[in-house]
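For reference, entry04.tsv (TSV, C-alpha atoms):
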chain	number	residue	atom	x	y	z
T	251	MET	CA	6.60	-17.65	-1.40
T	252	LEU	CA	8.29	-20.86	-2.39
T	253	LYS	CA	7.43	-22.51	0.89
T	254	VAL	CA	3.77	-21.60	0.71
T	255	THR	CA	3.21	-22.84	-2.85
T	256	LYS	CA	5.08	-26.03	-2.18
T	257	LYS	CA	3.04	-26.68	0.90
T	258	GLN	CA	-0.14	-25.98	-1.00
T	259	THR	CA	0.62	-28.24	-3.92
T	260	GLU	CA	1.62	-30.96	-1.52
T	261	SER	CA	-1.57	-30.72	0.42
T	262	ASP	CA	-3.46	-30.61	-2.87
T	263	ASN	CA	-1.76	-33.75	-4.09
T	264	PHE	CA	-2.51	-35.80	-1.05
T	265	LEU	CA	-6.00	-34.46	-1.16
T	266	ALA	CA	-6.52	-34.03	2.51
T	267	GLN	CA	-6.21	-37.23	4.45
T	268	SER	CA	-7.74	-35.83	7.58
T	269	ALA	CA	-9.99	-33.00	8.57
T	270	ASP	CA	-7.02	-31.25	10.13
T	271	GLU	CA	-5.22	-31.22	6.84
T	272	ILE	CA	-8.19	-29.76	5.06
T	273	LYS	CA	-8.30	-27.04	7.65
T	274	GLU	CA	-4.58	-26.47	7.29
T	275	SER	CA	-4.73	-26.11	3.53
T	276	ARG	CA	-7.68	-23.74	3.76
T	277	LYS	CA	-5.78	-21.70	6.28
T	278	SER	CA	-2.73	-21.47	4.07
T	279	ARG	CA	-4.97	-20.42	1.19
T	280	PHE	CA	-6.39	-17.59	3.27
T	281	PHE	CA	-2.90	-16.54	4.29
T	282	HIS	CA	-1.69	-16.67	0.72
T	283	PRO	CA	0.46	-13.53	0.43
T	284	TYR	CA	-1.22	-12.25	-2.73
T	285	LEU	CA	-4.67	-12.73	-1.23
T	286	GLN	CA	-3.53	-10.79	1.83
T	287	LEU	CA	-2.17	-8.07	-0.44
T	288	PHE	CA	-5.54	-7.89	-2.19
T	289	ILE	CA	-7.36	-7.72	1.16
T	290	SER	CA	-5.04	-4.94	2.25
T	291	VAL	CA	-5.74	-2.90	-0.88
T	292	VAL	CA	-9.50	-3.40	-0.62
T	293	LEU	CA	-9.50	-2.42	3.05
T	294	THR	CA	-7.52	0.74	2.30
T	295	ALA	CA	-10.02	1.76	-0.36
T	296	VAL	CA	-12.94	0.92	1.95
T	297	SER	CA	-11.38	2.96	4.75
T	298	GLN	CA	-11.05	6.02	2.51
T	299	ILE	CA	-14.72	5.81	1.55
T	300	LEU	CA	-15.84	5.24	5.15
T	301	LEU	CA	-13.76	8.21	6.34
T	302	LYS	CA	-15.24	10.41	3.64
T	303	ILE	CA	-18.78	9.39	4.62
T	304	GLY	CA	-17.93	9.99	8.27
T	305	VAL	CA	-16.40	13.40	7.70
T	306	ASP	CA	-19.33	14.47	5.54
T	307	THR	CA	-22.15	13.28	7.78
T	308	GLN	CA	-20.88	13.07	11.35
T	309	PHE	CA	-17.87	15.32	11.78
T	310	VAL	CA	-18.46	18.69	13.45
T	311	SER	CA	-16.14	21.61	12.95
T	312	PRO	CA	-13.87	21.97	15.97
T	313	TRP	CA	-12.25	18.57	15.97
T	314	TYR	CA	-12.43	18.16	19.77
T	315	THR	CA	-16.25	18.23	19.83
T	316	THR	CA	-17.35	15.28	21.99
T	317	SER	CA	-19.65	13.77	19.38
T	318	ASN	CA	-16.69	13.41	17.01
T	319	PHE	CA	-15.21	10.77	19.27
T	320	PHE	CA	-18.31	8.62	18.83
T	321	ALA	CA	-18.59	8.98	15.07
T	322	PHE	CA	-19.47	5.48	13.91
T	323	TRP	CA	-18.26	5.70	10.29
T	324	ILE	CA	-14.93	7.21	11.27
T	325	TRP	CA	-14.24	4.42	13.75
T	326	LEU	CA	-15.12	1.86	11.11
T	327	GLY	CA	-12.68	3.59	8.77
T	328	ILE	CA	-9.93	3.49	11.39
T	329	LEU	CA	-10.60	-0.23	11.96
T	330	ALA	CA	-10.29	-0.85	8.23
T	331	ILE	CA	-6.95	1.01	8.16
T	332	ILE	CA	-5.59	-1.10	11.01
T	333	GLY	CA	-6.77	-4.28	9.31
T	334	SER	CA	-5.14	-3.25	6.06
T	335	LEU	CA	-1.85	-2.54	7.83
T	336	PHE	CA	-1.78	-6.04	9.31
T	337	SER	CA	-2.53	-7.79	6.05
T	338	TRP	CA	0.02	-5.53	4.33
T	339	LEU	CA	2.71	-6.60	6.78
T	340	PHE	CA	1.70	-10.21	6.32
T	341	ALA	CA	1.92	-9.90	2.54
T	342	LEU	CA	5.37	-8.31	2.82
T	343	LYS	CA	6.60	-11.51	4.43
T	344	SER	CA	7.08	-13.06	1.03
T	345	VAL	CA	6.18	-10.60	-1.71
T	346	PRO	CA	9.04	-8.35	-2.87
T	347	LEU	CA	8.46	-4.76	-1.81
T	348	ILE	CA	8.59	-3.24	-5.31
T	349	ILE	CA	5.95	-5.65	-6.54
T	350	ALA	CA	3.71	-5.31	-3.50
T	351	PHE	CA	3.92	-1.52	-3.54
T	352	ASN	CA	3.10	-1.21	-7.19
T	353	LEU	CA	0.34	-3.78	-7.15
T	354	ALA	CA	-1.12	-1.72	-4.31
T	355	ALA	CA	-1.58	1.09	-6.83
T	356	THR	CA	-4.85	-0.67	-7.73
T	357	ASN	CA	-5.98	1.41	-4.80
T	358	TYR	CA	-6.28	4.44	-7.11
T	359	ILE	CA	-8.65	2.49	-9.32
T	360	MET	CA	-10.73	1.13	-6.46
T	361	VAL	CA	-11.06	4.47	-4.69
T	362	ALA	CA	-12.09	6.17	-7.92
T	363	ILE	CA	-14.71	3.56	-8.74
T	364	GLY	CA	-15.85	3.36	-5.10
T	365	SER	CA	-16.32	7.10	-4.81
T	366	TRP	CA	-18.22	7.06	-8.07
T	367	LEU	CA	-20.51	4.23	-6.93
T	368	PHE	CA	-21.01	5.02	-3.25
T	369	LEU	CA	-20.38	8.74	-2.97
T	370	GLY	CA	-21.81	9.78	-6.33
T	371	GLU	CA	-18.69	11.71	-7.31
T	372	ALA	CA	-18.13	12.49	-10.96
T	373	ILE	CA	-15.02	11.19	-12.72
T	374	SER	CA	-13.59	13.54	-15.34
T	375	SER	CA	-12.14	12.19	-18.56
T	376	GLN	CA	-8.64	13.17	-17.48
T	377	ARG	CA	-9.12	11.10	-14.35
T	378	TRP	CA	-10.31	8.14	-16.43
T	379	ILE	CA	-7.09	8.41	-18.46
T	380	GLY	CA	-5.07	8.43	-15.24
T	381	ILE	CA	-6.94	5.40	-13.94
T	382	PHE	CA	-6.34	3.59	-17.21
T	383	LEU	CA	-2.60	4.35	-17.07
T	384	VAL	CA	-2.40	3.11	-13.47
T	385	ALA	CA	-4.20	-0.08	-14.46
T	386	LEU	CA	-1.80	-0.60	-17.36
T	387	GLY	CA	1.18	-0.06	-15.06
T	388	VAL	CA	-0.21	-2.50	-12.52
T	389	PHE	CA	-0.67	-5.02	-15.31
T	390	PHE	CA	3.01	-4.73	-16.27
T	391	VAL	CA	4.18	-5.10	-12.67
T	392	GLY	CA	1.81	-8.02	-12.14
T	393	ARG	CA	3.08	-9.77	-15.26
T	394	SER	CA	6.61	-9.36	-14.04
T	395	ALA	CA	5.59	-10.69	-10.62
T	396	ALA	CA	4.06	-13.76	-12.25
T	397	ARG	CA	7.37	-14.41	-14.03
T	398	VAL	CA	9.33	-14.10	-10.80
T	399	GLU	CA	7.00	-16.64	-9.20
T	400	GLU	CA	7.42	-19.03	-12.09
T	401	LYS	CA	11.21	-18.92	-11.84
T	402	LEU	CA	11.04	-19.78	-8.16
K	1098	MET	CA	7.91	26.65	-4.84
K	1099	THR	CA	11.43	27.28	-3.73
K	1100	LEU	CA	14.19	24.73	-3.61
K	1101	PHE	CA	13.76	24.50	0.14
K	1102	PHE	CA	10.15	23.38	-0.12
K	1103	PHE	CA	10.94	20.98	-2.90
K	1104	CYS	CA	13.55	19.41	-0.61
K	1105	LEU	CA	10.90	19.16	2.12
K	1106	VAL	CA	8.55	17.37	-0.26
K	1107	VAL	CA	11.28	14.92	-1.21
K	1108	PHE	CA	12.13	14.49	2.47
K	1109	SER	CA	8.52	13.68	3.33
K	1110	VAL	CA	8.24	11.15	0.50
K	1111	ALA	CA	11.62	9.66	1.40
K	1112	CYS	CA	10.42	9.17	4.97
K	1113	SER	CA	7.45	7.09	3.93
K	1114	VAL	CA	9.66	5.06	1.60
K	1115	THR	CA	12.07	4.49	4.49
K	1116	GLY	CA	9.12	3.29	6.54
K	1117	GLN	CA	8.20	0.74	3.87
K	1118	ILE	CA	11.81	-0.48	3.67
K	1119	PHE	CA	11.82	-0.94	7.44
K	1120	PHE	CA	8.54	-2.86	7.28
K	1121	LYS	CA	9.81	-5.13	4.56
K	1122	HIS	CA	13.05	-5.71	6.45
K	1123	ALA	CA	11.09	-6.55	9.59
K	1124	MET	CA	8.88	-9.07	7.82
K	1125	SER	CA	11.38	-10.76	5.51
K	1126	ASP	CA	12.53	-14.09	6.82
K	1127	GLN	CA	15.92	-14.15	5.11
K	1128	SER	CA	17.29	-11.76	7.67
K	1129	MET	CA	17.86	-13.87	10.75
K	1130	SER	CA	15.61	-11.55	12.65
K	1131	THR	CA	15.13	-12.08	16.32
K	1132	ARG	CA	12.05	-10.79	18.06
K	1133	THR	CA	13.68	-7.61	19.33
K	1134	ARG	CA	15.24	-6.98	15.95
K	1135	ARG	CA	11.84	-7.21	14.31
K	1136	ARG	CA	10.30	-4.89	16.87
K	1137	LEU	CA	13.05	-2.35	16.34
K	1138	ASP	CA	12.47	-2.50	12.60
K	1139	LEU	CA	8.73	-2.03	12.98
K	1140	ALA	CA	9.25	0.86	15.40
K	1141	GLY	CA	11.71	2.46	12.99
K	1142	GLY	CA	9.18	2.12	10.19
K	1143	VAL	CA	6.41	3.71	12.23
K	1144	LEU	CA	8.74	6.51	13.34
K	1145	ALA	CA	9.89	7.29	9.79
K	1146	MET	CA	6.29	7.32	8.56
K	1147	THR	CA	5.22	9.60	11.41
K	1148	VAL	CA	7.96	12.11	10.60
K	1149	GLY	CA	6.97	11.98	6.93
K	1150	PHE	CA	3.31	12.43	7.81
K	1151	PHE	CA	3.87	15.57	9.89
K	1152	THR	CA	6.18	17.07	7.28
K	1153	TRP	CA	3.43	16.44	4.76
K	1154	LEU	CA	0.86	18.15	7.02
K	1155	ALA	CA	3.14	21.18	7.37
K	1156	LEU	CA	3.46	21.34	3.59
K	1157	LEU	CA	-0.32	21.03	3.18
K	1158	ARG	CA	-0.76	24.13	5.32
K	1159	ARG	CA	1.21	26.12	2.76
K	1160	PHE	CA	0.24	24.60	-0.58
K	1161	ASP	CA	-2.92	23.38	-2.25
K	1162	LEU	CA	-3.53	19.65	-2.10
K	1163	SER	CA	-4.05	19.41	-5.85
K	1164	TYR	CA	-0.67	21.07	-6.38
K	1165	LEU	CA	1.13	18.91	-3.85
K	1166	TYR	CA	-0.46	15.55	-4.53
K	1167	PRO	CA	1.25	14.71	-7.83
K	1168	PHE	CA	4.55	14.70	-5.95
K	1169	GLU	CA	3.26	11.67	-4.03
K	1170	GLY	CA	3.85	9.78	-7.26
K	1171	LEU	CA	7.57	10.24	-6.67
K	1172	ASP	CA	7.48	7.64	-3.90
K	1173	ARG	CA	7.18	4.86	-6.47
K	1174	VAL	CA	10.41	5.84	-8.19
K	1175	LEU	CA	12.25	6.38	-4.90
K	1176	LEU	CA	10.95	3.08	-3.58
K	1177	ALA	CA	12.02	1.23	-6.72
K	1178	PHE	CA	15.57	2.52	-6.33
K	1179	ALA	CA	15.62	1.89	-2.59
K	1180	ALA	CA	14.32	-1.67	-2.90
K	1181	TRP	CA	16.83	-2.33	-5.64
K	1182	LEU	CA	19.83	-0.86	-3.82
K	1183	ILE	CA	19.06	-1.60	-0.18
K	1184	LEU	CA	16.92	-4.73	-0.29
K	1185	LYS	CA	18.66	-6.08	-3.42
K	1186	GLU	CA	15.36	-6.91	-5.03
K	1187	LYS	CA	15.36	-8.00	-8.61
K	1188	MET	CA	14.39	-5.32	-11.12
K	1189	THR	CA	13.03	-6.20	-14.51
K	1190	ARG	CA	12.23	-4.05	-17.49
K	1191	ASP	CA	8.53	-4.73	-16.96
K	1192	ILE	CA	8.67	-3.40	-13.43
K	1193	TRP	CA	10.27	-0.15	-14.60
K	1194	VAL	CA	7.64	0.23	-17.32
K	1195	GLY	CA	4.91	-0.40	-14.75
K	1196	VAL	CA	6.40	2.06	-12.24
K	1197	ILE	CA	6.62	4.83	-14.82
K	1198	LEU	CA	3.10	4.19	-16.14
K	1199	ILE	CA	1.67	4.27	-12.61
K	1200	CYS	CA	3.59	7.50	-11.90
K	1201	ILE	CA	2.12	9.22	-14.95
K	1202	GLY	CA	-1.30	7.80	-14.10
K	1203	THR	CA	-1.24	9.15	-10.55
K	1204	ALA	CA	-0.16	12.55	-11.87
K	1205	PHE	CA	-3.18	12.50	-14.20
K	1206	VAL	CA	-5.55	11.46	-11.42
K	1207	ALA	CA	-4.15	14.06	-9.03
K	1208	GLY	CA	-4.12	16.81	-11.62
K	1209	SER	CA	-7.74	16.41	-12.67

Once more with this new file: its structure as C-alpha cells, please.
Amino acid sequence: MLKVTKKQTESDNFLAQSADEIKESRKSRFFHPYLQLFISVVLTAVSQILLKIGVDTQFVSPWYTTSNFFAFWIWLGILAIIGSLFSWLFALKSVPLIIAFNLAATNYIMVAIGSWLFLGEAISSQRWIGIFLVALGVFFVGRSAARVEEKL
Amino acid sequence: MTLFFFCLVVFSVACSVTGQIFFKHAMSDQSMSTRTRRRLDLAGGVLAMTVGFFTWLALLRRFDLSYLYPFEGLDRVLLAFAAWLILKEKMTRDIWVGVILICIGTAFVAGS
C-alpha cells in the first residue's frame, strides 16, 4: 500500500511531465487496491443477480439439458465471478486480509438492494435491520483501515 | 443437529477460511515468494475452497438453507483469528467491533 500511495503522490506532485507519466498514474489509480476491492465486491453482487435471472428464466430442470449450456445470463454471471476473483486477488496484494474480508461484507447490502431493484424481491424489516448492522460493522472496519493507512 | 454435523459445518467454514489465508499468502509481497511458491499457494487455496464447497453441498442436502446459512457468519470470526495468528495482521478494537456487528447482521439477514 505504501508503495502505491507514494508513487501516486509523487506523480501528482510532478504533475505529469509526459504523456507516458499521465498514463502511468491513471493506471496506478485503476489498480489502486481499494478500488479493485470495490470492483470485486460489485462484480460478486452483479454475478449473484445475473445467476438468479438466469436460473429463473433460462434454466431447465435436469441440469444436463443442452440449452442450459448456452444460457446467456448464467455465462455472464460466471464471467462476473471470474472477474471478481481476479480483482480480489489483486486487492489482497496490499490490503490486510481481515480488512478486505470485512469490507467485502458490503456485498450483503448490495445484493439486498440489487435484488430489490432488479428482481423485485421484498425486503422484510428484520432484513433491513441486518443490512443496517452489516453497514455499521463495515463502517467500523473501514474506519480502522483508514487509521492503519494513515500510520503507514 | 448433532455434534457431528456441527463439526462438519465448522470444517466447511474453516476450509474456506484456509483458502483465503492461502490466497493472501500467495499475493503478499513480504513473503519472498517465487513463482512456483505462489502457484502452490493459489492451488492450495483453490483446493481448500473446493473441499469446503462440497462439504457445504453435502450439508445442504440434509438441512434447510435458512437454517444453515447463519453459520456462514462464523467465517468472519474464524478468519479474524486466523489472520491474527497465522498472518500476524494487526487487530484493533474497531475491527473486532466491526466483525461482531457484521456477524450479527448476517445472522439477521439469513434468519429473515

Exercise for review: Up to 10 Å from chain T, what residues of chain K turn up? Count all atoms listed in the file and give them as a PyMOL selection string.
Suggested key: chain K and resi 1117-1118+1120-1127+1139+1172-1174+1176-1181+1184-1209

Exercise for review: Please indicate the distance in Å from CA of Gln308 in chain T to CA of Thr294 in chain T, rounded to one decimal place.
Suggested key: 20.3 Å

Check your understanding: Pick the closest to Val305 in chain T from T:Leu293, T:Ala321, T:Leu326, T:Leu335: which is it, counting all atoms listed in the file?
Key -> T:Ala321

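One finds CA of Leu1137 in chain K at 20.9 Å from CA of Ser334 in chain T.
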
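One distance worth recording is that between CA of Phe1103 in chain K and CA of Gly1142 in chain K, which is 23.0 Å.
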
Please rebuild range 1177-1203 of chain K with N, CA, C and O atoms and return the result as a short mmCIF file (atom, residue, chain, number, x, y, z; two decimals), in the frame of the given file.
data_model
loop_
_atom_site.label_atom_id
_atom_site.label_comp_id
_atom_site.auth_asym_id
_atom_site.auth_seq_id
_atom_site.Cartn_x
_atom_site.Cartn_y
_atom_site.Cartn_z
N ALA K 1177 11.42 2.19 -5.80
CA ALA K 1177 12.02 1.23 -6.72
C ALA K 1177 13.54 1.24 -6.55
O ALA K 1177 14.17 0.18 -6.44
N PHE K 1178 14.12 2.44 -6.50
CA PHE K 1178 15.57 2.52 -6.33
C PHE K 1178 16.00 1.96 -4.98
O PHE K 1178 16.99 1.22 -4.87
N ALA K 1179 15.24 2.33 -3.93
CA ALA K 1179 15.62 1.89 -2.59
C ALA K 1179 15.55 0.37 -2.47
O ALA K 1179 16.45 -0.26 -1.92
N ALA K 1180 14.47 -0.21 -3.01
CA ALA K 1180 14.32 -1.67 -2.90
C ALA K 1180 15.41 -2.38 -3.69
O ALA K 1180 15.89 -3.44 -3.31
N TRP K 1181 15.80 -1.75 -4.80
CA TRP K 1181 16.83 -2.33 -5.64
C TRP K 1181 18.20 -2.26 -4.96
O TRP K 1181 18.93 -3.25 -4.88
N LEU K 1182 18.50 -1.07 -4.40
CA LEU K 1182 19.83 -0.86 -3.82
C LEU K 1182 19.96 -1.45 -2.42
O LEU K 1182 20.95 -2.08 -2.10
N ILE K 1183 18.93 -1.21 -1.59
CA ILE K 1183 19.06 -1.60 -0.18
C ILE K 1183 18.62 -3.04 0.03
O ILE K 1183 19.31 -3.83 0.67
N LEU K 1184 17.44 -3.38 -0.53
CA LEU K 1184 16.92 -4.73 -0.29
C LEU K 1184 17.42 -5.73 -1.33
O LEU K 1184 17.13 -6.91 -1.24
N LYS K 1185 18.12 -5.23 -2.35
CA LYS K 1185 18.66 -6.08 -3.42
C LYS K 1185 17.56 -6.86 -4.12
O LYS K 1185 17.72 -8.05 -4.43
N GLU K 1186 16.42 -6.22 -4.31
CA GLU K 1186 15.36 -6.91 -5.03
C GLU K 1186 15.63 -6.86 -6.52
O GLU K 1186 16.28 -5.95 -7.02
N LYS K 1187 15.08 -7.87 -7.19
CA LYS K 1187 15.36 -8.00 -8.61
C LYS K 1187 14.50 -7.03 -9.41
O LYS K 1187 13.29 -6.98 -9.25
N MET K 1188 15.15 -6.24 -10.28
CA MET K 1188 14.39 -5.32 -11.12
C MET K 1188 14.33 -5.89 -12.52
O MET K 1188 15.31 -6.40 -13.04
N THR K 1189 13.14 -5.79 -13.11
CA THR K 1189 13.03 -6.20 -14.51
C THR K 1189 12.56 -5.01 -15.32
O THR K 1189 12.13 -4.00 -14.76
N ARG K 1190 12.65 -5.15 -16.64
CA ARG K 1190 12.23 -4.05 -17.49
C ARG K 1190 10.73 -3.79 -17.29
O ARG K 1190 10.28 -2.65 -17.23
N ASP K 1191 9.97 -4.88 -17.14
CA ASP K 1191 8.53 -4.73 -16.96
C ASP K 1191 8.18 -3.93 -15.72
O ASP K 1191 7.24 -3.13 -15.73
N ILE K 1192 8.95 -4.15 -14.66
CA ILE K 1192 8.67 -3.40 -13.43
C ILE K 1192 8.90 -1.91 -13.66
O ILE K 1192 8.08 -1.08 -13.26
N TRP K 1193 10.00 -1.58 -14.33
CA TRP K 1193 10.27 -0.15 -14.60
C TRP K 1193 9.15 0.45 -15.44
O TRP K 1193 8.67 1.55 -15.15
N VAL K 1194 8.73 -0.28 -16.48
CA VAL K 1194 7.64 0.23 -17.32
C VAL K 1194 6.40 0.47 -16.48
O VAL K 1194 5.76 1.52 -16.55
N GLY K 1195 6.09 -0.52 -15.61
CA GLY K 1195 4.91 -0.40 -14.75
C GLY K 1195 5.01 0.79 -13.82
O GLY K 1195 4.08 1.57 -13.68
N VAL K 1196 6.20 0.95 -13.19
CA VAL K 1196 6.40 2.06 -12.24
C VAL K 1196 6.17 3.39 -12.94
O VAL K 1196 5.45 4.26 -12.43
N ILE K 1197 6.74 3.54 -14.13
CA ILE K 1197 6.62 4.83 -14.82
C ILE K 1197 5.18 5.08 -15.25
O ILE K 1197 4.65 6.19 -15.08
N LEU K 1198 4.50 4.02 -15.74
CA LEU K 1198 3.10 4.19 -16.14
C LEU K 1198 2.24 4.60 -14.94
O LEU K 1198 1.39 5.49 -15.05
N ILE K 1199 2.47 3.94 -13.79
CA ILE K 1199 1.67 4.27 -12.61
C ILE K 1199 1.95 5.70 -12.17
O ILE K 1199 1.04 6.45 -11.80
N CYS K 1200 3.23 6.12 -12.25
CA CYS K 1200 3.59 7.50 -11.90
C CYS K 1200 2.80 8.50 -12.74
O CYS K 1200 2.18 9.44 -12.21
N ILE K 1201 2.83 8.29 -14.06
CA ILE K 1201 2.12 9.22 -14.95
C ILE K 1201 0.62 9.17 -14.64
O ILE K 1201 -0.05 10.19 -14.59
N GLY K 1202 0.12 7.96 -14.41
CA GLY K 1202 -1.30 7.80 -14.10
C GLY K 1202 -1.71 8.56 -12.86
O GLY K 1202 -2.72 9.25 -12.85
N THR K 1203 -0.89 8.44 -11.79
CA THR K 1203 -1.24 9.15 -10.55
C THR K 1203 -1.19 10.65 -10.77
O THR K 1203 -2.01 11.39 -10.22
#
